[in-house]
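target_0.tsv, holding TSV, C-alpha atoms:
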```
chain	number	residue	atom	x	y	z
A	1	MET	CA	161.50	144.98	136.08
A	2	LYS	CA	164.30	142.72	135.02
A	3	VAL	CA	165.44	139.09	134.85
A	4	HIS	CA	168.65	137.69	136.34
A	5	THR	CA	169.69	134.06	136.05
A	6	LYS	CA	172.49	132.32	137.92
A	7	THR	CA	173.59	128.77	138.74
A	8	ILE	CA	174.04	127.09	142.13
A	9	SER	CA	176.56	124.21	142.05
A	10	ILE	CA	176.20	121.18	144.30
A	11	SER	CA	178.41	118.13	144.74
A	12	SER	CA	175.86	115.42	145.40
A	13	THR	CA	176.39	111.85	146.54
A	14	GLY	CA	172.94	110.83	145.27
A	15	ASN	CA	170.80	108.25	147.11
A	16	LEU	CA	168.52	110.86	148.71
A	17	ASP	CA	171.37	113.24	149.47
A	18	ALA	CA	169.76	116.49	150.70
A	19	HIS	CA	171.32	119.96	150.44
A	20	ASP	CA	170.20	123.20	152.07
A	21	ILE	CA	170.46	125.85	149.31
A	22	THR	CA	168.81	128.68	151.25
A	23	ASN	CA	171.99	130.69	151.76
A	24	GLN	CA	173.02	130.45	148.11
A	25	ALA	CA	169.59	131.66	147.01
A	26	ALA	CA	169.66	134.50	149.57
A	27	ASN	CA	173.10	135.59	148.39
A	28	LEU	CA	171.99	135.72	144.75
A	29	ILE	CA	169.18	138.08	145.75
A	30	GLN	CA	171.57	140.22	147.81
A	31	ILE	CA	174.03	140.73	144.94
A	32	SER	CA	171.32	141.26	142.33
A	33	SER	CA	169.86	144.67	141.51
A	34	HIS	CA	166.37	143.52	142.59
A	35	THR	CA	164.43	144.70	145.65
A	36	ASN	CA	161.11	142.83	145.34
A	37	GLY	CA	160.05	139.85	143.24
A	38	THR	CA	160.29	136.08	143.00
A	39	ILE	CA	163.18	133.66	142.84
A	40	THR	CA	162.54	130.41	140.96
A	41	LEU	CA	164.88	127.51	141.75
A	42	PHE	CA	164.79	124.79	139.10
A	43	THR	CA	166.76	121.55	138.83
A	44	PRO	CA	167.42	120.62	135.18
A	45	SER	CA	167.14	116.93	135.93
A	46	SER	CA	164.53	114.17	136.04
A	47	THR	CA	166.05	112.43	139.09
A	48	SER	CA	166.14	115.27	141.65
A	49	GLY	CA	163.69	117.73	143.15
A	50	ILE	CA	163.31	120.89	145.23
A	51	THR	CA	160.96	121.80	148.10
A	52	THR	CA	161.13	123.44	151.53
A	53	ILE	CA	161.60	121.68	154.86
A	54	GLU	CA	162.92	122.32	158.36
A	55	PHE	CA	166.47	121.31	157.52
A	56	GLU	CA	167.43	119.24	160.56
A	57	ASP	CA	168.50	115.60	160.80
A	58	GLY	CA	165.15	114.35	162.08
A	59	CYS	CA	163.04	115.80	159.27
A	60	LEU	CA	165.58	114.66	156.70
A	61	LYS	CA	165.42	111.07	157.98
A	62	ASP	CA	161.62	111.20	157.99
A	63	ILE	CA	161.30	112.50	154.42
A	64	LYS	CA	163.80	109.90	153.21
A	65	ARG	CA	161.71	107.17	154.81
A	66	LEU	CA	158.63	108.50	153.03
A	67	PHE	CA	160.31	108.30	149.62
A	68	ASP	CA	161.74	104.86	150.42
A	69	GLU	CA	158.21	103.70	151.15
A	70	LEU	CA	156.67	105.38	148.11
A	71	ALA	CA	159.24	104.12	145.63
A	72	ASN	CA	161.73	101.70	147.12
A	73	SER	CA	164.81	101.10	144.99
A	74	ASP	CA	164.52	97.33	145.50
A	75	ARG	CA	161.22	97.05	143.65
A	76	TYR	CA	160.63	96.33	139.96
A	77	TYR	CA	160.68	99.39	137.68
A	78	ALA	CA	159.83	99.31	133.99
A	79	HIS	CA	162.44	102.03	133.48
A	80	ASN	CA	165.18	99.76	134.88
A	81	GLU	CA	164.11	96.82	132.75
A	82	ARG	CA	164.49	98.96	129.66
A	83	TRP	CA	167.58	101.04	130.45
A	84	HIS	CA	169.42	98.97	133.12
A	85	ASP	CA	170.58	102.06	135.02
A	86	GLY	CA	168.82	101.14	138.26
A	87	ASN	CA	167.36	104.58	138.96
A	88	GLY	CA	163.70	103.97	138.13
A	89	HIS	CA	162.74	104.83	141.72
A	90	ALA	CA	164.57	108.17	141.38
A	91	HIS	CA	162.49	109.18	138.36
A	92	VAL	CA	159.25	108.42	140.18
A	93	CYS	CA	160.23	110.39	143.30
A	94	ALA	CA	161.49	113.37	141.29
A	95	ALA	CA	158.31	113.60	139.21
A	96	LEU	CA	156.16	113.48	142.33
A	97	LEU	CA	158.14	116.09	144.30
A	98	GLY	CA	158.62	118.40	141.31
A	99	PRO	CA	161.74	120.11	139.92
A	100	SER	CA	161.15	123.68	141.05
A	101	ILE	CA	159.98	126.12	143.65
A	102	THR	CA	159.05	129.81	143.41
A	103	ILE	CA	159.57	132.01	146.48
A	104	PRO	CA	158.60	135.69	146.85
A	105	PHE	CA	161.14	138.14	148.28
A	106	LEU	CA	160.60	141.59	149.78
A	107	ASP	CA	163.25	144.26	150.49
A	108	LYS	CA	165.81	141.68	149.32
A	109	HIS	CA	164.69	139.00	151.81
A	110	MET	CA	162.85	135.80	150.93
A	111	THR	CA	159.53	135.37	152.74
A	112	LEU	CA	160.57	132.04	154.27
A	113	GLY	CA	159.45	130.95	157.72
A	114	ILE	CA	161.98	130.81	160.55
A	115	TRP	CA	162.18	127.02	160.43
A	116	GLN	CA	161.81	126.72	156.67
A	117	GLN	CA	164.77	126.05	154.41
A	118	ILE	CA	165.03	125.34	150.68
A	119	VAL	CA	166.13	121.76	150.11
A	120	PHE	CA	167.49	120.07	147.00
A	121	ILE	CA	167.08	116.28	147.12
A	122	ASP	CA	169.05	114.04	144.76
A	123	PHE	CA	167.16	110.78	144.24
A	124	ASP	CA	169.61	109.31	141.72
A	125	ASN	CA	171.79	106.30	142.54
A	126	LYS	CA	175.25	107.77	141.99
A	127	PRO	CA	177.30	110.87	142.84
A	128	ARG	CA	177.37	113.74	140.41
A	129	GLN	CA	177.81	117.49	140.08
A	130	ARG	CA	174.43	119.23	140.00
A	131	GLU	CA	173.72	122.71	138.65
A	132	ILE	CA	170.52	124.36	139.89
A	133	ILE	CA	169.07	127.27	137.91
A	134	ALA	CA	168.18	130.33	140.03
A	135	GLN	CA	166.15	132.97	138.23
A	136	ILE	CA	165.14	136.27	139.81
A	137	ILE	CA	162.31	138.36	138.35
A	138	GLY	CA	161.16	141.61	139.92
A	139	ASP	CA	161.96	145.27	140.32
B	1	MET	CA	155.50	145.55	134.86
B	2	LYS	CA	155.34	145.76	138.63
B	3	VAL	CA	155.35	143.71	141.83
B	4	HIS	CA	152.70	143.83	144.56
B	5	THR	CA	152.86	141.76	147.74
B	6	LYS	CA	150.11	141.28	150.29
B	7	THR	CA	149.27	138.88	153.12
B	8	ILE	CA	146.26	136.58	153.56
B	9	SER	CA	145.49	135.82	157.23
B	10	ILE	CA	144.00	132.49	158.31
B	11	SER	CA	142.92	131.23	161.72
B	12	SER	CA	143.81	127.56	161.50
B	13	THR	CA	142.94	124.73	163.85
B	14	GLY	CA	145.77	122.58	162.48
B	15	ASN	CA	145.41	118.79	162.09
B	16	LEU	CA	144.76	118.90	158.34
B	17	ASP	CA	142.53	121.97	158.59
B	18	ALA	CA	141.85	123.08	154.99
B	19	HIS	CA	140.97	126.62	153.89
B	20	ASP	CA	139.72	127.84	150.53
B	21	ILE	CA	141.74	131.01	149.79
B	22	THR	CA	140.48	131.51	146.21
B	23	ASN	CA	138.35	134.56	146.99
B	24	GLN	CA	141.09	136.31	148.93
B	25	ALA	CA	143.52	135.77	146.04
B	26	ALA	CA	140.93	136.98	143.50
B	27	ASN	CA	140.26	140.10	145.56
B	28	LEU	CA	143.96	140.99	145.74
B	29	ILE	CA	144.14	140.86	141.95
B	30	GLN	CA	140.98	142.98	141.64
B	31	ILE	CA	142.31	145.77	143.87
B	32	SER	CA	145.82	145.68	142.37
B	33	SER	CA	146.84	147.76	139.38
B	34	HIS	CA	147.63	144.61	137.35
B	35	THR	CA	145.70	143.31	134.35
B	36	ASN	CA	147.73	140.20	133.32
B	37	GLY	CA	150.38	138.18	135.12
B	38	THR	CA	150.89	135.57	137.81
B	39	ILE	CA	149.94	135.38	141.45
B	40	THR	CA	152.23	133.30	143.66
B	41	LEU	CA	150.79	132.09	146.96
B	42	PHE	CA	153.45	130.99	149.43
B	43	THR	CA	153.12	129.72	153.01
B	44	PRO	CA	156.14	130.76	155.14
B	45	SER	CA	155.99	127.55	157.12
B	46	SER	CA	157.40	124.02	157.05
B	47	THR	CA	154.20	122.38	158.37
B	48	SER	CA	151.61	123.61	155.85
B	49	GLY	CA	151.15	123.56	152.09
B	50	ILE	CA	149.17	124.95	149.16
B	51	THR	CA	147.63	123.28	146.10
B	52	THR	CA	144.35	123.31	144.16
B	53	ILE	CA	141.38	121.00	144.66
B	54	GLU	CA	137.62	120.86	144.16
B	55	PHE	CA	136.84	122.34	147.56
B	56	GLU	CA	133.93	120.16	148.71
B	57	ASP	CA	133.64	117.92	151.75
B	58	GLY	CA	134.19	114.68	149.83
B	59	CYS	CA	137.48	115.68	148.22
B	60	LEU	CA	138.69	117.18	151.50
B	61	LYS	CA	138.02	113.91	153.35
B	62	ASP	CA	139.76	111.96	150.60
B	63	ILE	CA	142.91	114.10	150.55
B	64	LYS	CA	143.10	113.95	154.36
B	65	ARG	CA	142.94	110.16	154.20
B	66	LEU	CA	145.80	110.17	151.69
B	67	PHE	CA	148.04	112.21	153.98
B	68	ASP	CA	147.05	110.09	156.98
B	69	GLU	CA	148.15	107.04	155.04
B	70	LEU	CA	151.36	108.62	153.75
B	71	ALA	CA	152.50	109.98	157.09
B	72	ASN	CA	150.29	108.95	159.99
B	73	SER	CA	150.83	110.97	163.15
B	74	ASP	CA	150.92	107.79	165.26
B	75	ARG	CA	154.10	106.48	163.66
B	76	TYR	CA	157.69	107.02	164.77
B	77	TYR	CA	159.35	110.20	163.48
B	78	ALA	CA	163.00	111.08	164.02
B	79	HIS	CA	161.94	114.73	164.22
B	80	ASN	CA	159.69	113.97	167.21
B	81	GLU	CA	162.39	111.99	168.98
B	82	ARG	CA	164.70	114.96	168.74
B	83	TRP	CA	162.36	117.90	169.35
B	84	HIS	CA	159.39	116.32	171.20
B	85	ASP	CA	156.85	118.55	169.47
B	86	GLY	CA	154.90	115.70	167.90
B	87	ASN	CA	154.57	117.24	164.44
B	88	GLY	CA	157.06	115.11	162.49
B	89	HIS	CA	154.26	113.89	160.22
B	90	ALA	CA	153.33	117.51	159.44
B	91	HIS	CA	156.84	118.30	158.19
B	92	VAL	CA	156.82	115.28	155.88
B	93	CYS	CA	153.40	116.10	154.39
B	94	ALA	CA	154.26	119.78	153.92
B	95	ALA	CA	157.55	119.03	152.14
B	96	LEU	CA	155.80	116.59	149.79
B	97	LEU	CA	152.88	118.90	148.93
B	98	GLY	CA	155.03	122.01	148.62
B	99	PRO	CA	154.63	125.51	150.10
B	100	SER	CA	153.53	127.44	147.04
B	101	ILE	CA	151.51	127.68	143.87
B	102	THR	CA	151.76	130.03	140.89
B	103	ILE	CA	148.59	130.81	138.93
B	104	PRO	CA	148.31	132.93	135.76
B	105	PHE	CA	145.62	135.61	135.53
B	106	LEU	CA	144.18	137.35	132.46
B	107	ASP	CA	142.04	140.50	132.40
B	108	LYS	CA	142.16	140.41	136.22
B	109	HIS	CA	140.77	136.83	136.46
B	110	MET	CA	142.74	133.76	137.50
B	111	THR	CA	142.73	130.97	134.91
B	112	LEU	CA	141.27	128.45	137.37
B	113	GLY	CA	138.87	125.73	136.29
B	114	ILE	CA	135.24	125.92	137.36
B	115	TRP	CA	135.63	123.21	139.99
B	116	GLN	CA	139.16	124.22	141.01
B	117	GLN	CA	139.85	126.17	144.18
B	118	ILE	CA	143.09	127.17	145.89
B	119	VAL	CA	143.46	125.29	149.17
B	120	PHE	CA	145.75	125.93	152.13
B	121	ILE	CA	146.26	122.81	154.27
B	122	ASP	CA	147.67	123.08	157.78
B	123	PHE	CA	149.34	119.80	158.74
B	124	ASP	CA	150.58	120.99	162.15
B	125	ASN	CA	149.19	119.60	165.38
B	126	LYS	CA	147.91	122.78	167.04
B	127	PRO	CA	145.87	125.90	166.21
B	128	ARG	CA	147.69	129.00	165.10
B	129	GLN	CA	147.36	132.16	163.06
B	130	ARG	CA	148.81	131.69	159.57
B	131	GLU	CA	149.96	134.42	157.19
B	132	ILE	CA	150.16	133.47	153.51
B	133	ILE	CA	152.25	135.62	151.17
B	134	ALA	CA	150.48	136.63	147.94
B	135	GLN	CA	152.70	138.19	145.32
B	136	ILE	CA	151.42	139.54	142.01
B	137	ILE	CA	153.80	140.11	139.08
B	138	GLY	CA	152.60	141.36	135.71
B	139	ASP	CA	151.48	144.39	133.78
C	1	MET	CA	159.26	143.13	130.61
C	2	LYS	CA	155.99	141.80	129.31
C	3	VAL	CA	153.39	139.06	129.71
C	4	HIS	CA	152.19	136.71	126.99
C	5	THR	CA	149.52	134.05	127.53
C	6	LYS	CA	148.62	131.22	125.18
C	7	THR	CA	146.76	127.91	125.32
C	8	ILE	CA	148.01	124.39	124.57
C	9	SER	CA	145.23	122.02	123.47
C	10	ILE	CA	145.33	118.30	124.27
C	11	SER	CA	142.96	115.49	123.33
C	12	SER	CA	143.13	113.29	126.41
C	13	THR	CA	141.78	109.80	126.95
C	14	GLY	CA	141.91	110.24	130.74
C	15	ASN	CA	142.81	107.34	133.06
C	16	LEU	CA	146.40	108.48	133.62
C	17	ASP	CA	146.90	109.48	130.00
C	18	ALA	CA	150.27	111.30	129.84
C	19	HIS	CA	151.25	113.92	127.23
C	20	ASP	CA	154.66	115.42	126.53
C	21	ILE	CA	154.03	119.16	126.10
C	22	THR	CA	157.70	120.22	125.93
C	23	ASN	CA	157.68	121.05	122.21
C	24	GLN	CA	154.51	123.13	122.45
C	25	ALA	CA	155.99	125.13	125.34
C	26	ALA	CA	159.29	125.59	123.48
C	27	ASN	CA	157.45	126.81	120.37
C	28	LEU	CA	155.49	129.39	122.34
C	29	ILE	CA	158.76	130.82	123.65
C	30	GLN	CA	160.27	130.84	120.13
C	31	ILE	CA	157.39	132.81	118.61
C	32	SER	CA	157.09	135.21	121.57
C	33	SER	CA	159.03	138.45	121.80
C	34	HIS	CA	160.78	137.27	125.01
C	35	THR	CA	164.46	136.37	125.36
C	36	ASN	CA	164.77	135.52	129.09
C	37	GLY	CA	162.18	134.76	131.75
C	38	THR	CA	159.86	132.06	133.03
C	39	ILE	CA	157.11	130.03	131.44
C	40	THR	CA	154.31	128.88	133.77
C	41	LEU	CA	152.21	125.94	132.58
C	42	PHE	CA	148.92	125.63	134.45
C	43	THR	CA	146.07	123.16	134.01
C	44	PRO	CA	142.70	124.75	134.83
C	45	SER	CA	141.35	121.51	136.25
C	46	SER	CA	141.15	119.65	139.55
C	47	THR	CA	141.65	116.20	138.00
C	48	SER	CA	144.93	116.66	136.12
C	49	GLY	CA	148.45	117.79	136.90
C	50	ILE	CA	151.80	118.87	135.45
C	51	THR	CA	155.39	117.93	136.34
C	52	THR	CA	158.62	116.91	134.58
C	53	ILE	CA	159.78	113.38	133.85
C	54	GLU	CA	161.98	111.44	131.45
C	55	PHE	CA	159.21	110.84	128.95
C	56	GLU	CA	159.77	107.20	127.99
C	57	ASP	CA	157.47	104.20	128.37
C	58	GLY	CA	159.26	102.79	131.41
C	59	CYS	CA	159.04	105.94	133.54
C	60	LEU	CA	155.44	106.48	132.46
C	61	LYS	CA	154.48	102.96	133.58
C	62	ASP	CA	156.30	103.47	136.88
C	63	ILE	CA	154.64	106.79	137.71
C	64	LYS	CA	151.22	105.37	136.83
C	65	ARG	CA	151.85	102.48	139.23
C	66	LEU	CA	152.74	104.98	141.96
C	67	PHE	CA	149.46	106.86	141.55
C	68	ASP	CA	147.49	103.60	141.35
C	69	GLU	CA	149.03	102.64	144.69
C	70	LEU	CA	148.52	106.05	146.29
C	71	ALA	CA	144.89	106.43	145.23
C	72	ASN	CA	143.47	103.37	143.51
C	73	SER	CA	140.23	103.99	141.66
C	74	ASP	CA	138.68	100.84	143.18
C	75	ARG	CA	138.75	102.20	146.73
C	76	TYR	CA	136.05	104.12	148.59
C	77	TYR	CA	136.09	107.90	148.06
C	78	ALA	CA	133.83	110.33	149.90
C	79	HIS	CA	133.74	112.43	146.72
C	80	ASN	CA	132.23	109.52	144.76
C	81	GLU	CA	129.65	108.81	147.43
C	82	ARG	CA	128.46	112.40	147.19
C	83	TRP	CA	128.69	113.09	143.46
C	84	HIS	CA	128.61	109.62	141.85
C	85	ASP	CA	131.07	110.57	139.12
C	86	GLY	CA	133.66	107.96	140.08
C	87	ASN	CA	136.69	110.25	139.85
C	88	GLY	CA	137.49	110.72	143.54
C	89	HIS	CA	140.92	109.14	143.01
C	90	ALA	CA	141.63	111.67	140.24
C	91	HIS	CA	141.02	114.62	142.56
C	92	VAL	CA	143.39	113.21	145.16
C	93	CYS	CA	146.20	112.55	142.67
C	94	ALA	CA	145.81	115.96	141.01
C	95	ALA	CA	145.94	117.84	144.33
C	96	LEU	CA	149.07	115.94	145.35
C	97	LEU	CA	150.94	116.42	142.07
C	98	GLY	CA	149.89	120.05	141.64
C	99	PRO	CA	148.38	121.90	138.66
C	100	SER	CA	151.38	123.91	137.51
C	101	ILE	CA	155.08	124.18	136.84
C	102	THR	CA	157.33	127.21	136.36
C	103	ILE	CA	160.44	126.82	134.18
C	104	PRO	CA	163.13	129.45	133.55
C	105	PHE	CA	164.29	130.09	129.96
C	106	LEU	CA	167.46	131.78	128.71
C	107	ASP	CA	168.15	133.02	125.18
C	108	LYS	CA	164.76	131.58	124.21
C	109	HIS	CA	165.58	128.05	125.50
C	110	MET	CA	164.08	126.40	128.57
C	111	THR	CA	166.67	125.28	131.12
C	112	LEU	CA	165.44	121.66	131.03
C	113	GLY	CA	167.81	118.74	131.44
C	114	ILE	CA	168.53	116.51	128.45
C	115	TRP	CA	166.32	113.70	129.73
C	116	GLN	CA	163.69	115.97	131.25
C	117	GLN	CA	160.37	116.63	129.55
C	118	ILE	CA	157.24	118.48	130.68
C	119	VAL	CA	154.39	116.04	131.22
C	120	PHE	CA	150.67	116.64	131.55
C	121	ILE	CA	148.88	113.76	133.32
C	122	ASP	CA	145.11	113.41	133.12
C	123	PHE	CA	143.84	111.49	136.15
C	124	ASP	CA	140.15	111.77	135.28
C	125	ASN	CA	138.09	108.74	134.25
C	126	LYS	CA	136.89	109.82	130.81
C	127	PRO	CA	138.22	111.38	127.59
C	128	ARG	CA	138.03	115.11	127.16
C	129	GLN	CA	139.64	118.08	125.46
C	130	ARG	CA	142.08	119.82	127.79
C	131	GLU	CA	143.36	123.40	127.52
C	132	ILE	CA	146.60	124.17	129.35
C	133	ILE	CA	147.45	127.80	130.09
C	134	ALA	CA	151.01	128.82	129.12
C	135	GLN	CA	152.11	132.19	130.43
C	136	ILE	CA	155.48	133.75	129.62
C	137	ILE	CA	156.90	136.57	131.75
C	138	GLY	CA	160.29	138.13	131.07
C	139	ASP	CA	162.18	140.53	128.86
```
Using structure tokens, write down the structure from this file.
Amino acid sequence: MKVHTKTISISSTGNLDAHDITNQAANLIQISSHTNGTITLFTPSSTSGITTIEFEDGCLKDIKRLFDELANSDRYYAHNERWHDGNGHAHVCAALLGPSITIPFLDKHMTLGIWQQIVFIDFDNKPRQREIIAQIIGD
Amino acid sequence: MKVHTKTISISSTGNLDAHDITNQAANLIQISSHTNGTITLFTPSSTSGITTIEFEDGCLKDIKRLFDELANSDRYYAHNERWHDGNGHAHVCAALLGPSITIPFLDKHMTLGIWQQIVFIDFDNKPRQREIIAQIIGD
Amino acid sequence: MKVHTKTISISSTGNLDAHDITNQAANLIQISSHTNGTITLFTPSSTSGITTIEFEDGCLKDIKRLFDELANSDRYYAHNERWHDGNGHAHVCAALLGPSITIPFLDKHMTLGIWQQIVFIDFDNKPRQREIIAQIIGD
């Protein structure tokens, strides 16, 4: 049993920019010395989140609409009033979605469904470089 | 430290069908060789999710109402327009709830609260057989 | 590789009371014998949840508004009709947010962002003592 930790880099435009990070996660498992275990993907940020989705344009539009309805950027946010950075909605969405996901893998393959991809969503209101932590634990 | 992975099978009717999988998870820990560690339950699907809830009819009705309000199946979904399978709402709910949960166990017992059960919710719009991945890591 | 499990105690007032448990989690890693791995924080309760957020008054007000809008305590809940404890909204919010979070750590430090803290939110409608399970797995 051992622990390996790597970083996945993403150039994000923000504003609900969504990135499929399934292949990067799969590659990290392939080049690791692990056969079975879990991979935890964690975004070290309070304005982005990680989940799984069928990564196709329709689903991406639909999930963006959901977050726009839950926490529209045009509304009042106490965070914005205090800090004037205009990303209060991003904090709310990120906290609700959650910063991490843990996925089992077997014989070096994640147990994802055929139509299930790992998606990183950047709720913040400006472009930035994002570094996602990928940690593999297993044998 | 070792890794054990098993599958929990569920016959689901879809349409927000909810299943209590606490006993199946507890049994897998009992028959494993582990004493302490975590069990990760993961649904390999983009139209179902896993969380914990007090598994009684009232709470189940209330959580179904929440998802109906968040993503009603009668609304427009870009996913449906593209793929014509009518489960766009299911993808949105599943991505928001998340496909997995990780629960610590001690002396072979999960650290769940008394009124807390593990629930699998199938958001899809048709019956199907579901296979949930249960992975135990610990010593 | 080894497993260590501890408890974090919180005196909660309920009603969306939010607690920053980052320092307690960090201290448990410091005093453990682990260098790298994951810490899983799990609330053994069906009326509270755990996520990450920028823990400042503005964000806390904004996330409380979101949950008030998603599941206002003044609405009808089937759970309340059956059990008369008035916390149906708390069950819904807790199931949606989720009871746990898993965070990687490296060289004894969690990989949190600078503005990212671990938050425990108590959705229930009365004060109580809460015990959060903290389990560390790694080497």
Using only C-alpha atoms, select each residue of chain B with any atom at most 9 Å away from an atom of chain A, and give the selection as a PyMOL selection string. chain B and resi 1-5+40-47+70-71+76-83+88-89+91-102+133-137
*Between atom CA of Asp85 of chain B and atom CA of Thr13 of chain B, measure the distance and give it in Å to one decimal.*
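Distance reported for this atom pair: 16.2 Å.
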Taken to one decimal, the atom CA of Lys108 of chain C-atom CA of His34 of chain C distance is 7.0 Å
- Item | Residue among C:Ile8, C:Ala90, C:Ile21, C:Ile29 lying closest to Asn125 of chain C, counting all atoms listed in the file |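 Going through C:Ile8, C:Ala90, C:Ile21, C:Ile29 one by one, the smallest distance to Asn125 of chain C is for C:Ala90.
Counting from atom CA of Glu131 of chain A, the distance to atom CA of Thr22 of chain A is 14.8 Å.
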Within 7 Å of Ala18 of chain C using all atoms listed in the file, minus same-chain residues under 5 positions, as a JSON list (two decimals) with C-alpha atoms, in the frame of the given file:
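And here is the file that came out, result_5.json:
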```
[["chain", "number", "residue", "atom", "x", "y", "z"],
["C", 119, "VAL", "CA", 154.39, 116.04, 131.22],
["C", 120, "PHE", "CA", 150.67, 116.64, 131.55],
["C", 121, "ILE", "CA", 148.88, 113.76, 133.32],
["C", 122, "ASP", "CA", 145.11, 113.41, 133.12]]
```
